[in-house]
$ cat my_file.txt   # compact mmCIF, C-alpha atoms and all ligand atoms
# COMPACT_ATOMS: atom_id res chain seq x y z
CA MET A 123 114.86 145.21 125.22
CA ALA A 124 111.57 143.97 123.77
CA THR A 125 109.35 142.19 126.30
CA MET A 126 105.82 140.89 126.34
CA GLU A 127 103.42 139.94 129.08
CA SER A 128 104.60 136.50 130.20
CA SER A 129 101.13 135.05 130.75
CA ALA A 130 100.14 136.13 127.21
CA PHE A 131 103.23 134.36 125.90
CA SER A 132 102.45 131.20 127.89
CA THR A 133 98.87 131.22 126.59
CA PHE A 134 100.16 131.68 123.04
CA LEU A 135 102.59 128.78 123.37
CA ALA A 136 99.99 126.49 124.90
CA SER A 137 97.50 127.33 122.12
CA ARG A 138 99.73 125.89 119.38
CA ARG A 139 98.74 122.41 118.29
CA SER A 140 99.72 120.30 115.33
CA THR A 141 97.33 120.78 112.41
CA ARG A 142 96.40 117.63 110.49
CA ASP A 143 93.91 118.99 107.99
CA PHE A 144 94.29 122.10 105.84
CA VAL A 145 92.20 124.02 103.34
CA SER A 146 93.73 124.21 99.88
CA LYS A 147 93.99 128.05 99.86
CA SER A 148 97.57 128.97 98.97
CA VAL A 149 99.91 130.81 101.32
CA PRO A 150 101.33 134.10 99.96
CA GLN A 151 105.09 133.99 99.29
CA LYS A 152 105.45 137.13 101.43
CA ALA A 153 104.09 135.22 104.44
CA ILE A 154 106.41 132.27 103.81
CA ASP A 155 109.39 134.65 103.63
CA ALA A 156 108.36 136.46 106.83
CA ILE A 157 108.03 133.12 108.67
CA LEU A 158 111.44 131.93 107.46
CA THR A 159 112.94 135.28 108.51
CA ASP A 160 111.50 134.78 112.01
CA ALA A 161 112.85 131.23 112.04
CA MET A 162 116.34 132.55 111.33
CA THR A 163 116.32 134.47 114.64
CA ALA A 164 116.73 131.15 116.49
CA PRO A 165 120.02 130.56 118.28
CA SER A 166 122.58 128.43 116.46
CA TRP A 167 125.88 126.75 117.37
CA SER A 168 128.61 129.32 116.49
CA ASN A 169 125.97 130.94 114.27
CA THR A 170 126.73 128.25 111.69
CA ARG A 171 123.06 127.64 110.77
CA PRO A 172 123.88 124.10 109.65
CA TYR A 173 120.51 123.58 107.98
CA MET A 174 118.76 124.38 104.70
CA VAL A 175 115.14 124.32 103.66
CA ALA A 176 113.38 123.36 100.44
CA VAL A 177 109.96 125.01 100.21
CA ALA A 178 107.54 123.01 98.05
CA THR A 179 104.35 124.64 96.77
CA GLY A 180 102.09 124.16 93.73
CA GLU A 181 103.16 121.56 91.16
CA VAL A 182 106.38 120.71 93.00
CA ARG A 183 104.49 119.99 96.21
CA ASN A 184 101.94 117.92 94.28
CA ARG A 185 104.54 115.83 92.45
CA ILE A 186 106.37 115.04 95.71
CA SER A 187 103.12 114.17 97.44
CA THR A 188 101.95 111.91 94.58
CA GLU A 189 105.21 109.98 94.67
CA LEU A 190 105.22 109.65 98.48
CA GLN A 191 101.62 108.41 98.42
CA ARG A 192 102.48 105.88 95.71
CA ARG A 193 105.34 104.52 97.81
CA TRP A 194 103.28 104.44 101.00
CA ASP A 195 100.60 102.51 99.17
CA ILE A 196 103.10 99.85 98.07
CA ALA A 197 104.91 99.70 101.43
CA SER A 198 101.81 99.59 103.63
CA LYS A 199 100.13 96.89 101.52
CA ALA A 200 103.31 94.77 101.57
CA LEU A 201 103.81 95.16 105.32
CA ARG A 202 100.18 94.25 106.02
CA GLY A 203 100.32 91.37 103.53
CA SER A 204 101.57 87.78 103.65
CA TRP A 205 105.23 86.82 104.16
CA TRP A 206 105.44 86.38 100.38
CA ASP A 207 104.18 89.96 99.82
CA LYS A 208 106.95 91.11 102.16
CA VAL A 209 109.60 89.09 100.35
CA LYS A 210 108.47 90.50 96.98
CA PHE A 211 108.57 94.02 98.47
CA PHE A 212 112.16 93.59 99.68
CA LEU A 213 113.25 92.02 96.39
CA LYS A 214 111.64 94.67 94.18
CA ARG A 215 112.79 97.49 96.50
CA ASP A 216 110.19 99.92 95.12
CA GLY A 217 108.75 101.62 98.20
CA LEU A 218 111.58 100.68 100.58
CA PRO A 219 112.63 103.69 102.71
CA THR A 220 115.29 105.91 101.13
CA SER A 221 115.60 108.17 104.17
CA ASP A 222 118.82 109.96 105.09
CA TYR A 223 118.12 109.31 108.80
CA ARG A 224 116.70 106.08 110.22
CA VAL A 225 113.17 107.42 110.47
CA TRP A 226 111.59 104.02 111.21
CA ARG A 227 113.87 103.21 114.13
CA PRO A 228 111.85 101.61 117.00
CA TYR A 229 111.29 103.81 120.05
CA PRO A 230 113.38 103.02 123.14
CA ALA A 231 111.41 100.91 125.61
CA ASP A 232 111.12 103.70 128.20
CA LEU A 233 109.67 106.14 125.64
CA LYS A 234 107.43 103.68 123.83
CA PRO A 235 104.49 104.11 126.25
CA ARG A 236 104.36 107.82 125.40
CA SER A 237 104.35 107.21 121.66
CA ASN A 238 101.77 104.43 122.06
CA LYS A 239 99.56 106.78 124.08
CA ILE A 240 99.60 109.59 121.53
CA GLY A 241 98.69 107.12 118.77
CA ARG A 242 95.89 105.60 120.87
CA ASP A 243 94.53 109.02 121.89
CA LEU A 244 94.57 110.34 118.32
CA TYR A 245 92.84 107.27 116.86
CA THR A 246 90.25 107.29 119.65
CA HIS A 247 89.57 110.96 118.90
CA LEU A 248 89.11 110.08 115.22
CA GLY A 249 86.88 107.08 116.01
CA VAL A 250 89.35 104.58 114.52
CA ALA A 251 88.95 101.33 116.47
CA ARG A 252 91.96 99.66 118.03
CA GLY A 253 92.18 96.71 115.63
CA ASP A 254 91.21 98.74 112.57
CA LYS A 255 94.50 98.49 110.70
CA VAL A 256 92.99 99.82 107.48
CA GLY A 257 91.63 102.90 109.30
CA ARG A 258 95.05 103.49 110.87
CA ASP A 259 96.78 103.11 107.52
CA GLU A 260 94.34 105.56 105.98
CA GLN A 261 95.16 108.16 108.64
CA TRP A 262 98.88 107.48 108.14
CA ALA A 263 98.45 107.88 104.39
CA ARG A 264 97.28 111.45 104.99
CA ASN A 265 100.84 112.26 106.09
CA PHE A 266 101.97 111.79 102.51
CA ASP A 267 99.38 114.25 101.21
CA MET A 268 100.85 116.65 103.80
CA PHE A 269 97.31 116.60 105.28
CA GLY A 270 96.23 118.74 102.31
CA ALA A 271 98.63 121.58 103.20
CA PRO A 272 99.56 123.80 100.24
CA VAL A 273 103.12 124.26 101.57
CA ALA A 274 105.63 121.61 102.59
CA ILE A 275 108.91 122.83 104.04
CA PHE A 276 111.63 120.18 103.94
CA VAL A 277 114.37 120.71 106.53
CA PHE A 278 117.88 119.45 105.78
CA THR A 279 120.85 119.35 108.15
CA HIS A 280 124.57 119.44 107.47
CA LYS A 281 126.29 116.05 107.72
CA GLY A 282 129.44 117.58 109.15
CA LEU A 283 127.87 118.69 112.46
CA PRO A 284 125.55 115.76 113.14
CA THR A 285 124.16 116.30 116.62
CA TYR A 286 124.31 120.08 116.81
CA ALA A 287 122.98 120.53 113.28
CA VAL A 288 119.88 118.61 114.33
CA SER A 289 119.62 120.58 117.55
CA ASP A 290 119.94 123.88 115.64
CA ALA A 291 117.38 122.72 113.09
CA GLY A 292 114.97 121.94 115.95
CA LEU A 293 115.31 125.47 117.30
CA PHE A 294 114.81 126.87 113.79
CA MET A 295 111.73 124.69 113.29
CA GLN A 296 110.18 125.77 116.56
CA ASN A 297 110.60 129.45 115.67
CA LEU A 298 109.11 128.74 112.26
CA ILE A 299 106.14 126.87 113.74
CA LEU A 300 105.44 129.60 116.30
CA SER A 301 105.78 132.39 113.73
CA ALA A 302 103.30 130.56 111.51
CA HIS A 303 100.96 130.14 114.47
CA ALA A 304 101.18 133.87 115.29
CA ARG A 305 100.10 134.61 111.72
CA GLY A 306 97.11 132.26 111.78
CA PHE A 307 98.68 129.36 109.91
CA GLY A 308 98.67 125.79 111.10
CA THR A 309 101.70 123.51 110.90
CA CYS A 310 102.58 119.89 111.47
CA ALA A 311 106.19 118.76 111.81
CA GLN A 312 106.32 115.45 109.94
CA GLY A 313 109.02 112.85 110.30
CA ALA A 314 106.89 110.90 107.80
CA LEU A 315 107.99 113.31 105.07
CA ALA A 316 111.59 112.12 105.47
CA VAL A 317 110.96 108.41 104.89
CA TRP A 318 111.76 108.77 101.18
CA SER A 319 114.25 111.54 100.46
CA ASP A 320 114.85 110.98 96.73
CA PRO A 321 111.47 112.39 95.57
CA VAL A 322 112.39 115.65 97.34
CA ARG A 323 115.95 115.63 95.96
CA ALA A 324 114.53 115.12 92.46
CA GLU A 325 112.77 118.50 92.72
CA PHE A 326 115.50 120.60 94.37
CA THR A 327 119.26 120.97 93.96
CA VAL A 328 120.07 119.81 97.49
CA PRO A 329 123.83 120.08 98.24
CA LYS A 330 125.20 116.58 98.83
CA GLN A 331 126.41 117.37 102.36
CA TYR A 332 122.79 117.95 103.50
CA LYS A 333 120.51 115.23 104.88
CA LEU A 334 116.71 115.36 104.99
CA LEU A 335 115.62 115.58 108.64
CA CYS A 336 111.87 116.10 108.34
CA GLY A 337 109.14 118.11 106.67
CA ILE A 338 106.71 120.70 107.98
CA ALA A 339 103.24 120.99 106.48
CA MET A 340 101.91 124.55 106.58
CA GLY A 341 98.71 126.27 105.55
CA TYR A 342 95.33 127.45 106.78
CA PRO A 343 93.76 124.96 109.24
CA SER A 344 90.38 123.50 108.27
CA ASN A 345 87.47 122.92 110.69
CA ASP A 346 87.95 119.14 110.50
CA ASN A 347 87.55 117.19 113.73
CA VAL A 348 91.22 116.07 113.65
CA ASN A 349 92.27 119.64 114.40
CA SER A 350 90.40 119.64 117.70
CA PHE A 351 92.64 116.81 118.95
CA ARG A 352 94.64 117.88 121.98
CA ALA A 353 97.81 115.91 122.64
CA GLU A 354 98.55 115.36 126.32
CA ARG A 355 101.07 117.81 127.74
CA LEU A 356 103.32 116.13 130.24
CA PRO A 357 104.17 117.77 133.59
CA ILE A 358 107.70 119.12 134.07
CA ALA A 359 108.31 116.44 136.72
CA SER A 360 108.35 113.89 133.88
CA ILE A 361 111.47 115.48 132.38
CA THR A 362 113.22 116.82 135.49
CA ILE A 363 116.22 114.75 136.61
CA PRO A 364 116.28 114.40 140.40
CA LEU A 365 119.38 115.15 142.46
CA ALA A 366 121.67 112.23 143.20
CA ASP A 367 121.24 110.77 146.69
C1 LIG B 401 110.26 116.04 114.60
C2 LIG B 401 108.77 115.77 114.65
C3 LIG B 401 108.23 114.85 113.77
C4 LIG B 401 106.86 114.62 113.78
N1 LIG B 401 106.32 113.75 112.86
C5 LIG B 401 104.98 113.63 112.74
C6 LIG B 401 104.42 112.86 111.68
O1 LIG B 401 105.12 112.29 110.85
N2 LIG B 401 103.06 112.82 111.59
C7 LIG B 401 102.24 113.45 112.48
O2 LIG B 401 101.01 113.36 112.34
N3 LIG B 401 102.76 114.18 113.51
C8 LIG B 401 104.09 114.30 113.64
N4 LIG B 401 104.64 115.09 114.63
C9 LIG B 401 103.74 115.83 115.54
C10 LIG B 401 103.73 115.24 116.95
O3 LIG B 401 102.98 114.06 116.94
C11 LIG B 401 103.12 116.29 117.89
O4 LIG B 401 103.95 117.43 117.93
C12 LIG B 401 102.96 115.76 119.32
O5 LIG B 401 102.04 114.70 119.35
C13 LIG B 401 102.46 116.86 120.28
O6 LIG B 401 101.26 117.41 119.80
P1 LIG B 401 101.11 118.96 119.49
O7 LIG B 401 102.11 119.33 118.42
O8 LIG B 401 99.68 119.13 119.01
O9 LIG B 401 101.38 119.70 120.76
C14 LIG B 401 106.01 115.32 114.68
C15 LIG B 401 106.58 116.23 115.58
C16 LIG B 401 107.94 116.47 115.57
C17 LIG B 401 108.52 117.48 116.52
$ encode --input "my_file.txt" --output "structure tokens" --more "lines below"
Ligand SMILES: Cc1cc2nc3c(=O)[nH]c(=O)nc-3n(C[C@H](O)[C@H](O)[C@H](O)COP(=O)(O)O)c2cc1C
Amino acid sequence: MATMESSAFSTFLASRRSTRDFVSKSVPQKAIDAILTDAMTAPSWSNTRPYMVAVATGEVRNRISTELQRRWDIASKALRGSWWDKVKFFLKRDGLPTSDYRVWRPYPADLKPRSNKIGRDLYTHLGVARGDKVGRDEQWARNFDMFGAPVAIFVFTHKGLPTYAVSDAGLFMQNLILSAHARGFGTCAQGALAVWSDPVRAEFTVPKQYKLLCGIAMGYPSNDNVNSFRAERLPIASITIPLAD
């Protein structure tokens, strides 16, 4: 049985952070294949592997990114605009989410403080002031350029196994992200890349029983300040359910 020193493994796990700025250098196909092969060693419900991936590089990646940025531009301007801008946006429909999952669903009240905190911490790190809506939108817009990553991996899940397909896909994604990290690549899982699914479907022959869950940006991390951001890691007590009285 293969083992490794547990403290080395813990250090490796703790050293992974989401990368939000990449250099444009392309990732060799051999590396992408090796990472996907590692990802496929994740456990899966009845070994069904109810997920598929669409790997976008080069022109395909650029076309998807251009279209997502175009839609974000329309949507963000409308949502920051007057009530009439919003009405026009809903009537014209161009830029309205076309996601397969409800990506924009509000966070439950008990989890909202955590999501608020990560947003606040990240913007503070980047020097974006609290009320600076334009600065926040600009950082959000970077999602749709996949933060400059040369590779975007779109993860789809099978409609027929809703909950466990998503759970399996999560395990697959974590293996993928860690394998990339072990090879010196940065990644960022991005729910933002699932807000509009049709630009991805236009580039790939996605079977109709598969739904777009999220994307993962992958490439070589740059030295940009955003990559030195360290998200808070919560203590295990915050997720441990106490015994009943
Ligand atoms: C399913 C999923 C979707 C995510 N979506 C986004 C996203 O759209 N944009 C983004 O910048 N980060 C996104 N993240 C990254 C999280 O914000 C990040 O993992 C979290 O803040 C913890 O930070 P760390 O990955 O550096 O440990 C996503 C992460 C996951 C797992």
$ closest_residue --input "my_file.txt" --among "A:Phe326, A:Glu189, A:Ala271, A:Phe294" --to "Asp160 of chain A" --atoms "only C-alpha atoms"
A:Phe294
$ residues_around --input "my_file.txt" --residues "Ala200 of chain A" --least-positions-apart "5" --cutoff "10 Å" --atoms "only C-alpha atoms" --output "list in words"
Trp194, Asp195, Trp205, Trp206, Asp207, Lys208, Val209, Lys210, Phe211, Phe212 and Gly217 of chain A
$ closest_atom_pairs --input "my_file.txt" --of "chain A" --to "ligand LIG 401 (chain B)" --cutoff "10 Å" --atoms "only C-alpha atoms and all ligand atoms" --output "CSV"
residue,atom,partner,partner_atom,distance
A:Leu135,CA,B:LIG401,O9,9.5
A:Ala136,CA,B:LIG401,O9,8.1
A:Ser137,CA,B:LIG401,O9,8.7
A:Arg138,CA,B:LIG401,O9,6.6
A:Arg139,CA,B:LIG401,O8,3.5
A:Ser140,CA,B:LIG401,O8,3.9
A:Thr141,CA,B:LIG401,O8,7.2
A:Arg142,CA,B:LIG401,O2,6.6
A:Val225,CA,B:LIG401,O1,9.4
A:Arg236,CA,B:LIG401,O5,9.5
A:Ser237,CA,B:LIG401,O5,8.2
A:Lys239,CA,B:LIG401,O5,9.6
A:Ile240,CA,B:LIG401,O5,6.1
A:Gly241,CA,B:LIG401,O5,8.3
A:Asp243,CA,B:LIG401,O5,9.8
A:Leu244,CA,B:LIG401,O5,8.7
A:Gln261,CA,B:LIG401,O2,8.7
A:Trp262,CA,B:LIG401,O2,7.5
A:Ala263,CA,B:LIG401,N2,9.9
A:Arg264,CA,B:LIG401,O2,8.5
A:Asn265,CA,B:LIG401,N2,6.0
A:Phe266,CA,B:LIG401,O1,8.9
A:Met268,CA,B:LIG401,N2,9.0
A:Phe269,CA,B:LIG401,O2,8.6
A:Val288,CA,B:LIG401,C1,10.0
A:Ala291,CA,B:LIG401,C1,9.9
A:Gly292,CA,B:LIG401,C1,7.7
A:Met295,CA,B:LIG401,C17,8.5
A:Gln296,CA,B:LIG401,C17,8.5
A:Ile299,CA,B:LIG401,O7,9.7
A:Thr309,CA,B:LIG401,O7,8.6
A:Cys310,CA,B:LIG401,C9,5.9
A:Ala311,CA,B:LIG401,C14,4.5
A:Gln312,CA,B:LIG401,N1,3.4
A:Gly313,CA,B:LIG401,N1,3.8
A:Ala314,CA,B:LIG401,O1,3.8
A:Leu315,CA,B:LIG401,O1,6.5
A:Ala316,CA,B:LIG401,O1,8.4
A:Val317,CA,B:LIG401,O1,9.2
A:Leu335,CA,B:LIG401,C1,8.0
A:Cys336,CA,B:LIG401,C1,6.5
A:Gly337,CA,B:LIG401,C3,7.9
A:Ile338,CA,B:LIG401,C3,8.4
A:Ala339,CA,B:LIG401,N2,9.6
A:Asn349,CA,B:LIG401,O8,8.7
A:Ser350,CA,B:LIG401,O8,9.4
A:Phe351,CA,B:LIG401,O8,7.4
A:Arg352,CA,B:LIG401,O8,6.0
A:Ala353,CA,B:LIG401,O6,4.7
A:Glu354,CA,B:LIG401,C13,7.3
A:Arg355,CA,B:LIG401,O9,7.2
$ residues_around --input "my_file.txt" --residues "Met174 of chain A" --least-positions-apart "5" --cutoff "7 Å" --atoms "all atoms listed in the file" --output "tab-separated table (two decimals) with C-alpha atoms, in the frame of the given file"
chain	number	residue	atom	x	y	z
A	277	VAL	CA	114.37	120.71	106.53
A	278	PHE	CA	117.88	119.45	105.78
A	279	THR	CA	120.85	119.35	108.15
$ closest_residue --input "my_file.txt" --among "A:Ser198, A:Thr179, A:Thr285, A:Thr170" --to "Arg258 of chain A" --atoms "only C-alpha atoms"
A:Ser198
$ atom_distance --input "my_file.txt" --atom1 "atom CA of Leu158 of chain A" --atom2 "atom CA of Gly308 of chain A"
14.6 Å
$ residues_around --input "my_file.txt" --residues "Val273 of chain A" --least-positions-apart "4" --cutoff "8 Å" --atoms "only C-alpha atoms" --output "list in words"
Ser148, Val149, Val177, Ala178, Thr179, Gly180, Arg183, Ala339, Met340 and Gly341 of chain A
$ write_last_selection --input "my_file.txt" --atoms "C-alpha atoms" --output "CSV table (one decimal), in the frame of the given file"
chain,number,residue,atom,x,y,z
A,148,SER,CA,97.6,129.0,99.0
A,149,VAL,CA,99.9,130.8,101.3
A,177,VAL,CA,110.0,125.0,100.2
A,178,ALA,CA,107.5,123.0,98.0
A,179,THR,CA,104.4,124.6,96.8
A,180,GLY,CA,102.1,124.2,93.7
A,183,ARG,CA,104.5,120.0,96.2
A,339,ALA,CA,103.2,121.0,106.5
A,340,MET,CA,101.9,124.6,106.6
A,341,GLY,CA,98.7,126.3,105.6
$ atom_distance --input "my_file.txt" --atom1 "atom CA of Pro219 of chain A" --atom2 "atom CA of Lys281 of chain A"
19.1 Å
$ residues_around --input "my_file.txt" --residues "Gly282 of chain A" --least-positions-apart "4" --cutoff "12 Å" --atoms "all atoms listed in the file" --output "list of chain:residue names"
A:Thr170, A:Pro172, A:Tyr173, A:Tyr286, A:Ala287, A:Val288, A:Lys330, A:Gln331, A:Tyr332, A:Lys333
$ atom_distance --input "my_file.txt" --atom1 "atom CA of Gly306 of chain A" --atom2 "atom CA of Asn347 of chain A"
18.0 Å
$ closest_residue --input "my_file.txt" --among "A:Ile154, A:Ala161, A:Ala130, A:Leu233" --to "Pro272 of chain A" --atoms "all atoms listed in the file"
A:Ile154
$ closest_residue --input "my_file.txt" --among "A:Ile186, A:Val348, A:Ala156, A:Leu300" --to "Pro321 of chain A" --atoms "all atoms listed in the file"
A:Ile186
$ axis_aligned_box --input "my_file.txt" --around "segment 225-238 of chain A" --padding-each-side "4 Å" --output "JSON"
{"center_x": 107.8, "center_y": 104.4, "center_z": 119.3, "size_x": 20.1, "size_y": 14.9, "size_z": 25.7}
$ residues_around --input "my_file.txt" --residues "Arg305 of chain A" --least-positions-apart "6" --cutoff "10 Å" --atoms "all atoms listed in the file" --output "VMD selection string"
chain A and resid 153 156 to 157 342
$ closest_residue --input "my_file.txt" --among "A:Thr246, A:Leu201, A:Asp346, A:Ala176" --to "Thr327 of chain A" --atoms "all atoms listed in the file"
A:Ala176
